[in-house]
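Source file: coords_25.csv (CSV, N, CA and C atoms)
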```csv
chain,number,residue,atom,x,y,z
H,5,MET,N,18.5,-12.8,-22.6
H,5,MET,CA,18.5,-12.5,-21.2
H,5,MET,C,18.0,-13.8,-20.4
H,6,ALA,N,18.6,-14.1,-19.3
H,6,ALA,CA,18.2,-15.2,-18.5
H,6,ALA,C,16.9,-15.0,-17.9
H,7,PRO,N,16.1,-16.1,-17.8
H,7,PRO,CA,14.8,-16.0,-17.2
H,7,PRO,C,14.9,-15.7,-15.7
H,8,ARG,N,13.9,-15.0,-15.2
H,8,ARG,CA,13.9,-14.5,-13.8
H,8,ARG,C,13.5,-15.7,-13.0
H,9,ILE,N,14.1,-15.9,-11.9
H,9,ILE,CA,13.9,-17.0,-10.9
H,9,ILE,C,12.9,-16.5,-9.9
H,10,GLY,N,12.0,-17.4,-9.5
H,10,GLY,CA,11.0,-17.0,-8.4
H,10,GLY,C,9.7,-16.6,-9.0
H,11,ARG,N,8.8,-16.3,-8.1
H,11,ARG,CA,7.5,-15.9,-8.5
H,11,ARG,C,7.4,-14.4,-8.8
H,12,PRO,N,6.5,-13.9,-9.6
H,12,PRO,CA,6.4,-12.5,-9.9
H,12,PRO,C,5.9,-11.8,-8.6
H,13,PRO,N,6.1,-10.5,-8.5
H,13,PRO,CA,5.7,-9.7,-7.3
H,13,PRO,C,4.1,-9.7,-7.3
H,14,LYS,N,3.6,-9.8,-6.1
H,14,LYS,CA,2.2,-9.8,-5.9
H,14,LYS,C,1.5,-8.4,-6.2
H,15,TYR,N,2.2,-7.4,-5.8
H,15,TYR,CA,1.7,-6.0,-6.0
H,15,TYR,C,2.7,-5.2,-6.8
H,16,LEU,N,2.3,-4.3,-7.7
H,16,LEU,CA,3.1,-3.5,-8.5
H,16,LEU,C,3.4,-2.2,-7.8
H,17,TRP,N,4.3,-2.2,-6.8
H,17,TRP,CA,4.6,-1.1,-5.9
H,17,TRP,C,5.0,0.2,-6.6
H,18,ASP,N,5.7,0.1,-7.7
H,18,ASP,CA,6.1,1.3,-8.5
H,18,ASP,C,4.8,2.1,-8.9
H,19,GLU,N,3.8,1.3,-9.4
H,19,GLU,CA,2.6,1.9,-9.8
H,19,GLU,C,1.7,2.4,-8.6
H,20,LEU,N,1.7,1.6,-7.6
H,20,LEU,CA,0.8,1.9,-6.4
H,20,LEU,C,1.3,3.0,-5.6
H,21,THR,N,2.6,3.4,-5.7
H,21,THR,CA,3.2,4.5,-5.0
H,21,THR,C,3.4,5.7,-5.8
H,22,ASP,N,2.6,5.9,-6.9
H,22,ASP,CA,2.8,7.0,-7.8
H,22,ASP,C,2.0,8.3,-7.3
H,23,GLY,N,1.4,8.3,-6.2
H,23,GLY,CA,0.7,9.4,-5.7
H,23,GLY,C,-0.8,9.5,-6.0
H,24,SER,N,-1.3,8.5,-6.7
H,24,SER,CA,-2.7,8.3,-7.0
H,24,SER,C,-3.4,7.8,-5.8
H,25,ILE,N,-4.7,8.0,-5.7
H,25,ILE,CA,-5.6,7.4,-4.7
H,25,ILE,C,-6.0,6.1,-5.2
H,26,TRP,N,-5.8,5.0,-4.4
H,26,TRP,CA,-6.1,3.7,-4.8
H,26,TRP,C,-7.2,3.1,-3.9
H,27,LYS,N,-8.1,2.3,-4.5
H,27,LYS,CA,-9.2,1.7,-3.7
H,27,LYS,C,-9.0,0.1,-3.9
H,28,ALA,N,-8.8,-0.6,-2.8
H,28,ALA,CA,-8.6,-2.0,-2.8
H,28,ALA,C,-9.7,-2.7,-2.0
H,29,HIS,N,-10.2,-3.8,-2.6
H,29,HIS,CA,-11.3,-4.6,-2.0
H,29,HIS,C,-10.7,-5.9,-1.5
H,30,GLN,N,-11.0,-6.2,-0.3
H,30,GLN,CA,-10.6,-7.5,0.3
H,30,GLN,C,-11.3,-8.6,-0.5
H,31,GLY,N,-10.5,-9.6,-0.8
H,31,GLY,CA,-11.1,-10.7,-1.6
H,31,GLY,C,-10.9,-10.6,-3.1
H,32,GLU,N,-10.7,-9.3,-3.5
H,32,GLU,CA,-10.5,-9.1,-5.0
H,32,GLU,C,-9.1,-8.6,-5.2
H,33,ASP,N,-8.7,-7.6,-4.5
H,33,ASP,CA,-7.3,-7.0,-4.7
H,33,ASP,C,-6.3,-7.5,-3.6
H,34,PHE,N,-6.8,-7.9,-2.5
H,34,PHE,CA,-5.9,-8.5,-1.5
H,34,PHE,C,-6.6,-9.6,-0.8
H,35,ALA,N,-5.9,-10.7,-0.4
H,35,ALA,CA,-6.5,-11.8,0.3
H,35,ALA,C,-6.4,-11.8,1.8
H,36,SER,N,-5.6,-11.0,2.3
H,36,SER,CA,-5.4,-10.9,3.8
H,36,SER,C,-6.5,-10.2,4.5
H,37,THR,N,-6.4,-10.0,5.8
H,37,THR,CA,-7.3,-9.2,6.5
H,37,THR,C,-7.0,-7.7,6.2
H,38,VAL,N,-8.0,-6.9,6.4
H,38,VAL,CA,-7.8,-5.4,6.2
H,38,VAL,C,-6.7,-4.9,7.1
H,39,ASP,N,-6.6,-5.4,8.3
H,39,ASP,CA,-5.5,-4.9,9.2
H,39,ASP,C,-4.1,-5.3,8.7
H,40,SER,N,-4.0,-6.6,8.1
H,40,SER,CA,-2.8,-7.0,7.6
H,40,SER,C,-2.4,-6.2,6.3
H,41,PHE,N,-3.4,-5.9,5.5
H,41,PHE,CA,-3.1,-5.1,4.3
H,41,PHE,C,-2.6,-3.7,4.7
H,42,ARG,N,-3.3,-3.1,5.7
H,42,ARG,CA,-2.9,-1.8,6.2
H,42,ARG,C,-1.4,-1.8,6.7
H,43,THR,N,-1.1,-2.9,7.4
H,43,THR,CA,0.3,-3.1,7.9
H,43,THR,C,1.3,-3.2,6.7
H,44,LEU,N,0.9,-3.9,5.7
H,44,LEU,CA,1.8,-4.0,4.5
H,44,LEU,C,2.0,-2.6,3.9
H,45,LEU,N,0.9,-1.8,3.8
H,45,LEU,CA,1.0,-0.5,3.2
H,45,LEU,C,2.0,0.4,4.0
H,46,ARG,N,1.9,0.3,5.4
H,46,ARG,CA,2.8,1.1,6.2
H,46,ARG,C,4.2,0.6,6.1
H,47,TYR,N,4.4,-0.7,5.9
H,47,TYR,CA,5.8,-1.2,5.7
H,47,TYR,C,6.4,-0.7,4.4
H,48,GLN,N,5.6,-0.8,3.3
H,48,GLN,CA,6.1,-0.3,2.0
H,48,GLN,C,6.4,1.2,2.1
H,49,ALA,N,5.6,2.0,2.8
H,49,ALA,CA,5.9,3.4,3.0
H,49,ALA,C,7.2,3.6,3.7
H,50,ARG,N,7.4,2.8,4.8
H,50,ARG,CA,8.6,3.0,5.6
H,50,ARG,C,9.9,2.6,4.8
H,51,ILE,N,9.8,1.5,4.0
H,51,ILE,CA,11.0,1.2,3.2
H,51,ILE,C,11.3,2.1,2.1
H,52,ARG,N,10.3,2.8,1.6
H,52,ARG,CA,10.4,3.7,0.5
H,52,ARG,C,10.6,5.2,1.0
H,53,GLN,N,10.5,5.3,2.3
H,53,GLN,CA,10.7,6.6,3.0
H,53,GLN,C,9.8,7.7,2.4
H,54,MET,N,8.5,7.3,2.4
H,54,MET,CA,7.5,8.2,1.9
H,54,MET,C,6.2,8.1,2.8
H,55,PRO,N,5.5,9.2,2.8
H,55,PRO,CA,4.3,9.1,3.6
H,55,PRO,C,3.2,8.3,2.9
H,56,VAL,N,2.2,7.8,3.7
H,56,VAL,CA,1.1,7.1,3.1
H,56,VAL,C,-0.1,7.5,3.9
H,57,GLU,N,-1.2,7.7,3.2
H,57,GLU,CA,-2.5,7.9,3.8
H,57,GLU,C,-3.3,6.7,3.6
H,58,ILE,N,-4.0,6.2,4.7
H,58,ILE,CA,-4.7,5.0,4.6
H,58,ILE,C,-6.1,5.2,5.3
H,59,HIS,N,-7.1,4.8,4.6
H,59,HIS,CA,-8.5,4.9,5.2
H,59,HIS,C,-9.2,3.6,4.8
H,60,SER,N,-10.0,3.1,5.8
H,60,SER,CA,-10.7,1.8,5.5
H,60,SER,C,-12.1,1.9,6.1
H,61,ARG,N,-13.0,1.2,5.4
H,61,ARG,CA,-14.3,1.0,5.9
H,61,ARG,C,-14.8,-0.4,5.4
H,62,GLY,N,-15.0,-1.2,6.4
H,62,GLY,CA,-15.4,-2.6,6.0
H,62,GLY,C,-14.3,-3.3,5.3
H,63,PRO,N,-14.6,-3.9,4.1
H,63,PRO,CA,-13.6,-4.6,3.4
H,63,PRO,C,-12.9,-3.8,2.3
H,64,ILE,N,-13.0,-2.5,2.4
H,64,ILE,CA,-12.4,-1.6,1.4
H,64,ILE,C,-11.4,-0.7,2.0
H,65,VAL,N,-10.2,-0.6,1.4
H,65,VAL,CA,-9.1,0.2,1.9
H,65,VAL,C,-8.7,1.2,0.8
H,66,TRP,N,-8.7,2.5,1.1
H,66,TRP,CA,-8.2,3.5,0.2
H,66,TRP,C,-6.9,3.9,0.7
H,67,PHE,N,-5.9,4.2,-0.2
H,67,PHE,CA,-4.6,4.6,0.2
H,67,PHE,C,-4.0,5.5,-0.9
H,68,ARG,N,-3.0,6.3,-0.4
H,68,ARG,CA,-2.2,7.2,-1.3
H,68,ARG,C,-0.9,7.3,-0.7
H,69,PHE,N,0.2,7.1,-1.5
H,69,PHE,CA,1.5,7.3,-1.1
H,69,PHE,C,2.1,8.6,-1.6
H,70,GLY,N,2.9,9.2,-0.8
H,70,GLY,CA,3.6,10.4,-1.2
H,70,GLY,C,3.0,11.7,-1.2
H,71,LYS,N,1.7,11.8,-0.7
H,71,LYS,CA,1.0,13.1,-0.6
H,71,LYS,C,0.3,13.2,0.7
H,72,GLY,N,-0.2,14.4,1.0
H,72,GLY,CA,-0.9,14.6,2.2
H,72,GLY,C,0.0,15.1,3.3
H,73,GLY,N,-0.6,15.1,4.5
H,73,GLY,CA,0.1,15.5,5.7
H,73,GLY,C,1.1,14.5,6.1
H,74,GLN,N,2.0,14.9,7.0
H,74,GLN,CA,3.0,13.9,7.5
H,74,GLN,C,3.0,13.9,9.0
H,75,GLU,N,3.1,12.7,9.6
H,75,GLU,CA,3.2,12.6,11.0
H,75,GLU,C,4.5,11.8,11.2
H,76,GLU,N,4.6,11.3,12.4
H,76,GLU,CA,5.8,10.5,12.8
H,76,GLU,C,6.0,9.4,11.8
H,77,ASP,N,7.2,9.1,11.4
H,77,ASP,CA,7.5,8.1,10.4
H,77,ASP,C,6.9,8.3,9.1
H,78,GLY,N,6.4,9.5,8.8
H,78,GLY,CA,5.8,9.8,7.5
H,78,GLY,C,4.5,9.1,7.2
H,79,LEU,N,3.7,8.9,8.3
H,79,LEU,CA,2.5,8.1,8.2
H,79,LEU,C,1.3,8.9,8.6
H,80,VAL,N,0.3,9.0,7.8
H,80,VAL,CA,-1.0,9.5,8.1
H,80,VAL,C,-1.9,8.3,8.0
H,81,ASP,N,-2.6,7.9,9.1
H,81,ASP,CA,-3.4,6.7,9.2
H,81,ASP,C,-4.7,7.0,9.9
H,82,SER,N,-5.8,6.8,9.2
H,82,SER,CA,-7.1,7.0,9.9
H,82,SER,C,-8.1,6.0,9.4
```
Whole structure given in structure tokens:
Amino acid sequence: MAPRIGRPPKYLWDELTDGSIWKAHQGEDFASTVDSFRTLLRYQARIRQMPVEIHSRGPIVWFRFGKGGQEEDGLVDS
């Protein structure tokens, strides 16, 4: 098989969207600001057409795709 061109994906979205609750630490799991990471999570939920719950406190973000309540655009964000 031919080698893959380009860099490997930064996040393993198939795993992160499996319905589990994930805890991500700024500086360890993501380098951007907390607000930028939250925006990325919302974008991934939109393109996968699934709801996402997002909660953050300081440099920590908890999120879960595909479960919980649904609001407009399939997003629960607090």
From H:Gly70, H:Asp18, H:Ile9, H:Val65, residue lying nearest H:Ala49 [all atoms listed in the file]: H:Gly70
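Restricting the calculation to all atoms listed in the file, the smallest distance between H:Phe69 and any of H:Asp33, H:Glu19, H:Asp39, H:Glu57 is found for H:Glu57.
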Go ahead and compute the interatomic distance for atom N of H:Glu32 and atom N of H:Arg52, in Å to one decimal.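 So the two atoms, atom N of H:Glu32 and atom N of H:Arg52, lie 24.8 Å apart.
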Taking the DSSP assignment computed from this structure's backbone, write out as a JSON list (two decimals) with N, CA and C atoms, in the coordinates of the input all residues of chain H that belong to strand (DSSP E).
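Contents of part-v2.json, freshly written:
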```json
[["chain", "number", "residue", "atom", "x", "y", "z"],
["H", 26, "TRP", "N", -5.80, 5.00, -4.40],
["H", 26, "TRP", "CA", -6.10, 3.70, -4.80],
["H", 26, "TRP", "C", -7.20, 3.10, -3.90],
["H", 27, "LYS", "N", -8.10, 2.30, -4.50],
["H", 27, "LYS", "CA", -9.20, 1.70, -3.70],
["H", 27, "LYS", "C", -9.00, 0.10, -3.90],
["H", 28, "ALA", "N", -8.80, -0.60, -2.80],
["H", 28, "ALA", "CA", -8.60, -2.00, -2.80],
["H", 28, "ALA", "C", -9.70, -2.70, -2.00],
["H", 29, "HIS", "N", -10.20, -3.80, -2.60],
["H", 29, "HIS", "CA", -11.30, -4.60, -2.00],
["H", 29, "HIS", "C", -10.70, -5.90, -1.50],
["H", 56, "VAL", "N", 2.20, 7.80, 3.70],
["H", 56, "VAL", "CA", 1.10, 7.10, 3.10],
["H", 56, "VAL", "C", -0.10, 7.50, 3.90],
["H", 57, "GLU", "N", -1.20, 7.70, 3.20],
["H", 57, "GLU", "CA", -2.50, 7.90, 3.80],
["H", 57, "GLU", "C", -3.30, 6.70, 3.60],
["H", 58, "ILE", "N", -4.00, 6.20, 4.70],
["H", 58, "ILE", "CA", -4.70, 5.00, 4.60],
["H", 58, "ILE", "C", -6.10, 5.20, 5.30],
["H", 59, "HIS", "N", -7.10, 4.80, 4.60],
["H", 59, "HIS", "CA", -8.50, 4.90, 5.20],
["H", 59, "HIS", "C", -9.20, 3.60, 4.80],
["H", 60, "SER", "N", -10.00, 3.10, 5.80],
["H", 60, "SER", "CA", -10.70, 1.80, 5.50],
["H", 60, "SER", "C", -12.10, 1.90, 6.10],
["H", 61, "ARG", "N", -13.00, 1.20, 5.40],
["H", 61, "ARG", "CA", -14.30, 1.00, 5.90],
["H", 61, "ARG", "C", -14.80, -0.40, 5.40],
["H", 64, "ILE", "N", -13.00, -2.50, 2.40],
["H", 64, "ILE", "CA", -12.40, -1.60, 1.40],
["H", 64, "ILE", "C", -11.40, -0.70, 2.00],
["H", 65, "VAL", "N", -10.20, -0.60, 1.40],
["H", 65, "VAL", "CA", -9.10, 0.20, 1.90],
["H", 65, "VAL", "C", -8.70, 1.20, 0.80],
["H", 66, "TRP", "N", -8.70, 2.50, 1.10],
["H", 66, "TRP", "CA", -8.20, 3.50, 0.20],
["H", 66, "TRP", "C", -6.90, 3.90, 0.70],
["H", 67, "PHE", "N", -5.90, 4.20, -0.20],
["H", 67, "PHE", "CA", -4.60, 4.60, 0.20],
["H", 67, "PHE", "C", -4.00, 5.50, -0.90],
["H", 68, "ARG", "N", -3.00, 6.30, -0.40],
["H", 68, "ARG", "CA", -2.20, 7.20, -1.30],
["H", 68, "ARG", "C", -0.90, 7.30, -0.70],
["H", 69, "PHE", "N", 0.20, 7.10, -1.50],
["H", 69, "PHE", "CA", 1.50, 7.30, -1.10],
["H", 69, "PHE", "C", 2.10, 8.60, -1.60],
["H", 79, "LEU", "N", 3.70, 8.90, 8.30],
["H", 79, "LEU", "CA", 2.50, 8.10, 8.20],
["H", 79, "LEU", "C", 1.30, 8.90, 8.60],
["H", 80, "VAL", "N", 0.30, 9.00, 7.80],
["H", 80, "VAL", "CA", -1.00, 9.50, 8.10],
["H", 80, "VAL", "C", -1.90, 8.30, 8.00],
["H", 81, "ASP", "N", -2.60, 7.90, 9.10],
["H", 81, "ASP", "CA", -3.40, 6.70, 9.20],
["H", 81, "ASP", "C", -4.70, 7.00, 9.90]]
```
Pick the closest to H:Leu16 from H:Gln53, H:Ser60, H:Gln48, H:Gln30: which is it, counting only C-alpha atoms?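 Of H:Gln53, H:Ser60, H:Gln48, H:Gln30, the one nearest H:Leu16 is H:Gln48, counting only C-alpha atoms.
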Would you mind writing down, as a PyMOL selection string, each residue of chain H that DSSP on the backbone assigns to alpha helix (DSSP H)? chain H and resi 17-20+38-52
Would you save the residues of that selection, restricted to N, CA and C atoms, as a JSON list (two decimals), in the frame of the given file?
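Dumped to out-v4.json:
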```
[["chain", "number", "residue", "atom", "x", "y", "z"],
["H", 17, "TRP", "N", 4.30, -2.20, -6.80],
["H", 17, "TRP", "CA", 4.60, -1.10, -5.90],
["H", 17, "TRP", "C", 5.00, 0.20, -6.60],
["H", 18, "ASP", "N", 5.70, 0.10, -7.70],
["H", 18, "ASP", "CA", 6.10, 1.30, -8.50],
["H", 18, "ASP", "C", 4.80, 2.10, -8.90],
["H", 19, "GLU", "N", 3.80, 1.30, -9.40],
["H", 19, "GLU", "CA", 2.60, 1.90, -9.80],
["H", 19, "GLU", "C", 1.70, 2.40, -8.60],
["H", 20, "LEU", "N", 1.70, 1.60, -7.60],
["H", 20, "LEU", "CA", 0.80, 1.90, -6.40],
["H", 20, "LEU", "C", 1.30, 3.00, -5.60],
["H", 38, "VAL", "N", -8.00, -6.90, 6.40],
["H", 38, "VAL", "CA", -7.80, -5.40, 6.20],
["H", 38, "VAL", "C", -6.70, -4.90, 7.10],
["H", 39, "ASP", "N", -6.60, -5.40, 8.30],
["H", 39, "ASP", "CA", -5.50, -4.90, 9.20],
["H", 39, "ASP", "C", -4.10, -5.30, 8.70],
["H", 40, "SER", "N", -4.00, -6.60, 8.10],
["H", 40, "SER", "CA", -2.80, -7.00, 7.60],
["H", 40, "SER", "C", -2.40, -6.20, 6.30],
["H", 41, "PHE", "N", -3.40, -5.90, 5.50],
["H", 41, "PHE", "CA", -3.10, -5.10, 4.30],
["H", 41, "PHE", "C", -2.60, -3.70, 4.70],
["H", 42, "ARG", "N", -3.30, -3.10, 5.70],
["H", 42, "ARG", "CA", -2.90, -1.80, 6.20],
["H", 42, "ARG", "C", -1.40, -1.80, 6.70],
["H", 43, "THR", "N", -1.10, -2.90, 7.40],
["H", 43, "THR", "CA", 0.30, -3.10, 7.90],
["H", 43, "THR", "C", 1.30, -3.20, 6.70],
["H", 44, "LEU", "N", 0.90, -3.90, 5.70],
["H", 44, "LEU", "CA", 1.80, -4.00, 4.50],
["H", 44, "LEU", "C", 2.00, -2.60, 3.90],
["H", 45, "LEU", "N", 0.90, -1.80, 3.80],
["H", 45, "LEU", "CA", 1.00, -0.50, 3.20],
["H", 45, "LEU", "C", 2.00, 0.40, 4.00],
["H", 46, "ARG", "N", 1.90, 0.30, 5.40],
["H", 46, "ARG", "CA", 2.80, 1.10, 6.20],
["H", 46, "ARG", "C", 4.20, 0.60, 6.10],
["H", 47, "TYR", "N", 4.40, -0.70, 5.90],
["H", 47, "TYR", "CA", 5.80, -1.20, 5.70],
["H", 47, "TYR", "C", 6.40, -0.70, 4.40],
["H", 48, "GLN", "N", 5.60, -0.80, 3.30],
["H", 48, "GLN", "CA", 6.10, -0.30, 2.00],
["H", 48, "GLN", "C", 6.40, 1.20, 2.10],
["H", 49, "ALA", "N", 5.60, 2.00, 2.80],
["H", 49, "ALA", "CA", 5.90, 3.40, 3.00],
["H", 49, "ALA", "C", 7.20, 3.60, 3.70],
["H", 50, "ARG", "N", 7.40, 2.80, 4.80],
["H", 50, "ARG", "CA", 8.60, 3.00, 5.60],
["H", 50, "ARG", "C", 9.90, 2.60, 4.80],
["H", 51, "ILE", "N", 9.80, 1.50, 4.00],
["H", 51, "ILE", "CA", 11.00, 1.20, 3.20],
["H", 51, "ILE", "C", 11.30, 2.10, 2.10],
["H", 52, "ARG", "N", 10.30, 2.80, 1.60],
["H", 52, "ARG", "CA", 10.40, 3.70, 0.50],
["H", 52, "ARG", "C", 10.60, 5.20, 1.00]]
```
Length of the atom N of H:Arg68 to atom CA of H:Ile51 vector [Å]: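 Result for atom N of H:Arg68 versus atom CA of H:Ile51: 15.3 Å, one decimal.
Comparing H:Pro13, H:His29, H:Pro7, H:Leu44 by their smallest distance to H:Val56, the closest is H:Leu44 (using only C-alpha atoms).
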Taking all atoms listed in the file into account, which of H:Thr37, H:Lys14, H:Arg8, H:Asp22 comes nearest H:Pro63? H:Thr37
Quote the spacing between atom N of H:Tyr47 and atom C of H:Lys27 in Å to one decimal place.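 Straight-line distance from atom N of H:Tyr47 to atom C of H:Lys27 works out to 16.6 Å.
Distances from H:Met54, H:Tyr15, H:Ile25, H:Ile64 to H:Arg42 were compared using only C-alpha atoms, and the smallest one belongs to H:Ile64.
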